[in-house]
$ cat upload_0.csv   # CSV, C-alpha atoms
chain,number,residue,atom,x,y,z
A,863,MET,CA,118.3,120.1,108.4
A,864,ASP,CA,119.3,121.4,105.1
A,865,THR,CA,119.7,125.1,104.1
A,866,ASN,CA,116.1,125.4,102.7
A,867,GLY,CA,114.6,125.1,106.2
A,868,PHE,CA,113.3,121.5,105.6
A,869,VAL,CA,113.6,118.5,107.9
A,870,VAL,CA,114.3,115.4,105.8
A,871,ASP,CA,113.4,111.9,106.7
A,872,GLU,CA,115.7,109.7,104.7
A,873,LYS,CA,113.3,106.7,104.7
A,874,SER,CA,111.0,108.1,102.0
A,875,GLU,CA,113.3,110.1,99.7
A,876,SER,CA,111.6,108.7,96.6
A,877,ARG,CA,108.1,109.8,97.6
A,878,LEU,CA,106.9,113.3,96.4
A,879,TYR,CA,104.2,115.6,97.6
A,880,VAL,CA,102.5,117.4,94.7
A,881,GLY,CA,100.4,120.3,95.8
A,882,ASN,CA,98.5,123.3,94.4
A,883,LEU,CA,96.7,121.1,91.9
A,884,ASP,CA,93.9,122.7,90.0
A,885,LEU,CA,90.6,120.9,90.7
A,886,ARG,CA,90.3,120.0,87.0
A,887,ILE,CA,93.5,117.8,87.2
A,888,ASN,CA,92.7,114.1,87.8
A,889,GLU,CA,94.8,111.1,88.7
A,890,ALA,CA,95.6,110.2,85.1
A,891,ALA,CA,96.9,113.7,84.4
A,892,VAL,CA,99.2,113.6,87.5
A,893,ILE,CA,100.6,110.3,86.4
A,894,LYS,CA,101.1,111.5,82.8
A,895,MET,CA,102.8,114.7,84.0
A,896,PHE,CA,105.2,112.8,86.3
A,897,SER,CA,105.9,109.6,84.4
A,898,PRO,CA,108.6,111.0,82.1
A,899,TYR,CA,110.9,111.3,85.1
A,900,GLY,CA,111.0,107.7,86.2
A,901,LYS,CA,109.1,104.6,87.2
A,902,ILE,CA,106.1,105.5,89.3
A,903,ILE,CA,105.5,102.7,91.9
A,904,SER,CA,102.4,104.3,93.5
A,905,GLU,CA,100.3,107.4,93.4
A,906,ASP,CA,97.9,108.6,96.0
A,907,PHE,CA,95.4,111.2,94.8
A,908,LEU,CA,93.5,112.6,97.7
A,909,TRP,CA,89.7,113.4,97.7
A,910,HIS,CA,87.4,115.0,100.2
A,911,THR,CA,85.5,112.1,101.9
A,912,ARG,CA,82.8,114.1,103.7
A,913,GLY,CA,81.2,117.5,104.0
A,914,PRO,CA,80.1,119.8,101.2
A,915,LYS,CA,83.1,119.0,99.1
A,916,LYS,CA,82.7,115.2,99.3
A,917,GLY,CA,84.0,113.6,96.1
A,918,GLU,CA,86.0,116.6,95.0
A,919,PRO,CA,89.8,116.5,94.7
A,920,ARG,CA,91.7,117.9,97.7
A,921,GLY,CA,94.3,119.6,95.4
A,922,TYR,CA,97.3,117.4,96.2
A,923,ALA,CA,98.7,113.9,95.7
A,924,PHE,CA,101.7,111.8,96.5
A,925,ILE,CA,103.9,110.0,94.0
A,926,GLN,CA,106.3,107.2,94.8
A,927,TYR,CA,109.2,106.6,92.4
A,928,SER,CA,111.4,103.6,92.2
A,929,SER,CA,114.5,105.6,93.2
A,930,LYS,CA,115.6,108.7,95.0
A,931,GLU,CA,117.2,110.0,91.8
A,932,GLU,CA,114.0,109.8,89.9
A,933,ALA,CA,112.1,111.6,92.6
A,934,GLU,CA,114.8,114.4,92.7
A,935,LEU,CA,114.7,114.8,88.9
A,936,ALA,CA,110.9,115.1,89.0
A,937,ARG,CA,111.0,117.6,91.8
A,938,GLU,CA,113.6,119.7,90.0
A,939,LYS,CA,111.7,119.7,86.7
A,940,MET,CA,108.1,120.0,88.0
A,941,HIS,CA,108.3,122.4,91.0
A,942,GLY,CA,106.9,125.7,90.0
A,943,ARG,CA,105.7,124.4,86.6
A,944,LEU,CA,102.3,125.7,85.6
A,945,ALA,CA,99.4,123.2,85.3
A,946,CYS,CA,96.0,124.7,84.4
A,947,GLY,CA,97.5,128.1,85.2
A,948,ARG,CA,98.7,127.2,88.7
A,949,PRO,CA,102.3,126.6,89.8
A,950,LEU,CA,102.8,123.1,91.1
A,951,VAL,CA,104.4,122.7,94.6
A,952,VAL,CA,106.6,119.6,94.4
A,953,ARG,CA,108.8,118.5,97.3
A,954,LEU,CA,109.8,115.3,99.0
A,955,ALA,CA,106.9,114.0,101.0
A,956,SER,CA,109.3,113.7,104.0
A,957,GLU,CA,110.1,117.4,104.0
A,958,LYS,CA,108.2,119.4,106.6
A,959,LEU,CA,108.3,123.1,105.7
A,960,LEU,CA,109.4,124.8,108.9
A,961,GLU,CA,108.8,128.3,107.8
A,962,ASP,CA,106.0,129.4,105.4
A,963,THR,CA,107.8,131.0,102.5
A,964,SER,CA,104.7,131.2,100.3
A,965,HIS,CA,102.4,134.2,100.1
A,966,HIS,CA,99.2,132.6,101.3
A,967,HIS,CA,96.6,134.7,103.0
A,968,HIS,CA,96.2,132.0,105.7
A,969,PRO,CA,97.9,132.6,109.1
A,970,LYS,CA,101.0,130.5,109.7
A,971,ARG,CA,100.5,127.3,111.5
A,972,LEU,CA,103.2,125.7,113.5
A,973,LEU,CA,103.7,122.0,113.0
A,974,PRO,CA,102.5,120.0,116.0
A,975,GLU,CA,105.9,118.5,116.6
A,976,ALA,CA,107.4,122.0,116.7
A,977,ASN,CA,105.2,123.5,119.4
A,978,ARG,CA,104.3,120.5,121.5
A,979,THR,CA,105.4,120.4,125.1
A,980,ARG,CA,105.8,117.2,127.0
A,981,SER,CA,104.2,116.5,130.4
A,982,ALA,CA,106.4,115.1,133.2
A,983,SER,CA,105.1,111.6,132.4
A,984,GLY,CA,105.5,112.1,128.6
A,985,SER,CA,108.1,110.3,126.5
A,986,SER,CA,111.3,112.2,125.9
A,987,SER,CA,111.8,110.4,122.6
A,988,GLY,CA,109.5,112.8,120.8
A,989,GLN,CA,107.0,110.1,119.9
A,990,MET,CA,103.4,111.0,120.4
A,991,SER,CA,101.0,108.6,122.2
A,992,ARG,CA,98.0,107.3,120.4
A,993,ASP,CA,95.7,109.8,122.3
A,994,GLU,CA,98.0,112.7,121.4
A,995,ARG,CA,98.0,111.7,117.8
A,996,VAL,CA,94.2,111.5,117.8
A,997,ALA,CA,93.9,114.9,119.5
A,998,ALA,CA,96.3,116.4,117.0
A,999,ILE,CA,94.3,115.0,114.1
A,1000,LYS,CA,91.0,116.3,115.5
A,1001,ASN,CA,92.5,119.8,116.0
A,1002,LYS,CA,93.9,119.8,112.5
A,1003,LEU,CA,90.5,118.7,111.1
A,1004,LYS,CA,88.7,121.4,113.1
A,1005,ALA,CA,91.1,124.1,111.8
A,1006,LEU,CA,90.6,122.9,108.2
A,1007,GLU,CA,86.9,122.9,108.6
A,1008,GLU,CA,87.0,126.5,109.9
A,1009,ASP,CA,89.1,127.5,106.9
A,1010,GLU,CA,86.6,126.0,104.5
A,1011,LYS,CA,83.4,127.6,106.1
A,1012,PRO,CA,81.9,130.1,103.8
A,1013,ARG,CA,82.2,133.6,105.3
A,1014,ASP,CA,79.0,135.5,106.0
A,1015,PRO,CA,79.2,138.7,103.8
A,1016,LYS,CA,77.1,140.6,106.4
A,1017,LYS,CA,79.9,140.2,108.9
A,1018,LEU,CA,82.7,141.3,106.6
A,1019,LYS,CA,84.0,144.8,107.1
A,1020,ILE,CA,84.1,146.6,103.8

$ encode --input "upload_0.csv" --output "structure tokens"
Amino acid sequence: MDTNGFVVDEKSESRLYVGNLDLRINEAAVIKMFSPYGKIISEDFLWHTRGPKKGEPRGYAFIQYSSKEEAELAREKMHGRLACGRPLVVRLASEKLLEDTSHHHHPKRLLPEANRTRSASGSSSGQMSRDERVAAIKNKLKALEEDEKPRDPKKLKI
């Protein structure tokens, strides 16, 4: 673990997570913003696939550079840079933020790997079974859906 509180997986050091994207930013704009820093091998721009926001951007993307050095340069130059008035969040895709250092109004959520306990028959290697992974994904989706539900103004305390 490095001093910033991140866990780094060395296999994907050239893949970046780009978050806090304004909904007006499209795939071409992301590629144009990040191409000056190196050769982009692939780019995954994520969209809502169902629900009321179907077809809208999710507000984040992943960019794969041809080298670790290119990815590090892009992270250094682009993290915090304003795009459509919002500061970009750029980090290695393999980094898992262990402590929320941002000022979001959402409650902190522990990473499943950090708070998962093992049953007596469970693997001690830290690998999740397929059923555990499916359950974790379902729980995450449920939590995300609850965050996206419009709040009833009658129930809000003013």

$ atom_distance --input "upload_0.csv" --atom1 "CA of Tyr927 in chain A" --atom2 "CA of Arg995 in chain A"
28.2 Å

$ atom_distance --input "upload_0.csv" --atom1 "CA of Met895 in chain A" --atom2 "CA of Arg943 in chain A"
10.5 Å

$ atom_distance --input "upload_0.csv" --atom1 "CA of Arg948 in chain A" --atom2 "CA of Ile925 in chain A"
18.7 Å

$ closest_residue --input "upload_0.csv" --among "A:Lys916, A:Asp884, A:Tyr879, A:Ser991" --to "Leu944 in chain A" --atoms "all atoms listed in the file"
A:Asp884

$ closest_residue --input "upload_0.csv" --among "A:Asp906, A:Leu935, A:Gly942, A:Lys894" --to "Arg920 in chain A" --atoms "only C-alpha atoms"
A:Asp906

$ residues_around --input "upload_0.csv" --residues "Ile903 in chain A" --least-positions-apart "5" --cutoff "10 Å" --atoms "only C-alpha atoms" --output "PyMOL selection string"
chain A and resi 876-877+925-929

$ closest_residue --input "upload_0.csv" --among "A:Glu889, A:Gly913, A:Tyr899, A:Val880" --to "Lys930 in chain A" --atoms "all atoms listed in the file"
A:Tyr899

$ closest_residue --input "upload_0.csv" --among "A:Cys946, A:Lys939, A:Pro898, A:Glu932" --to "Arg886 in chain A" --atoms "only C-alpha atoms"
A:Cys946
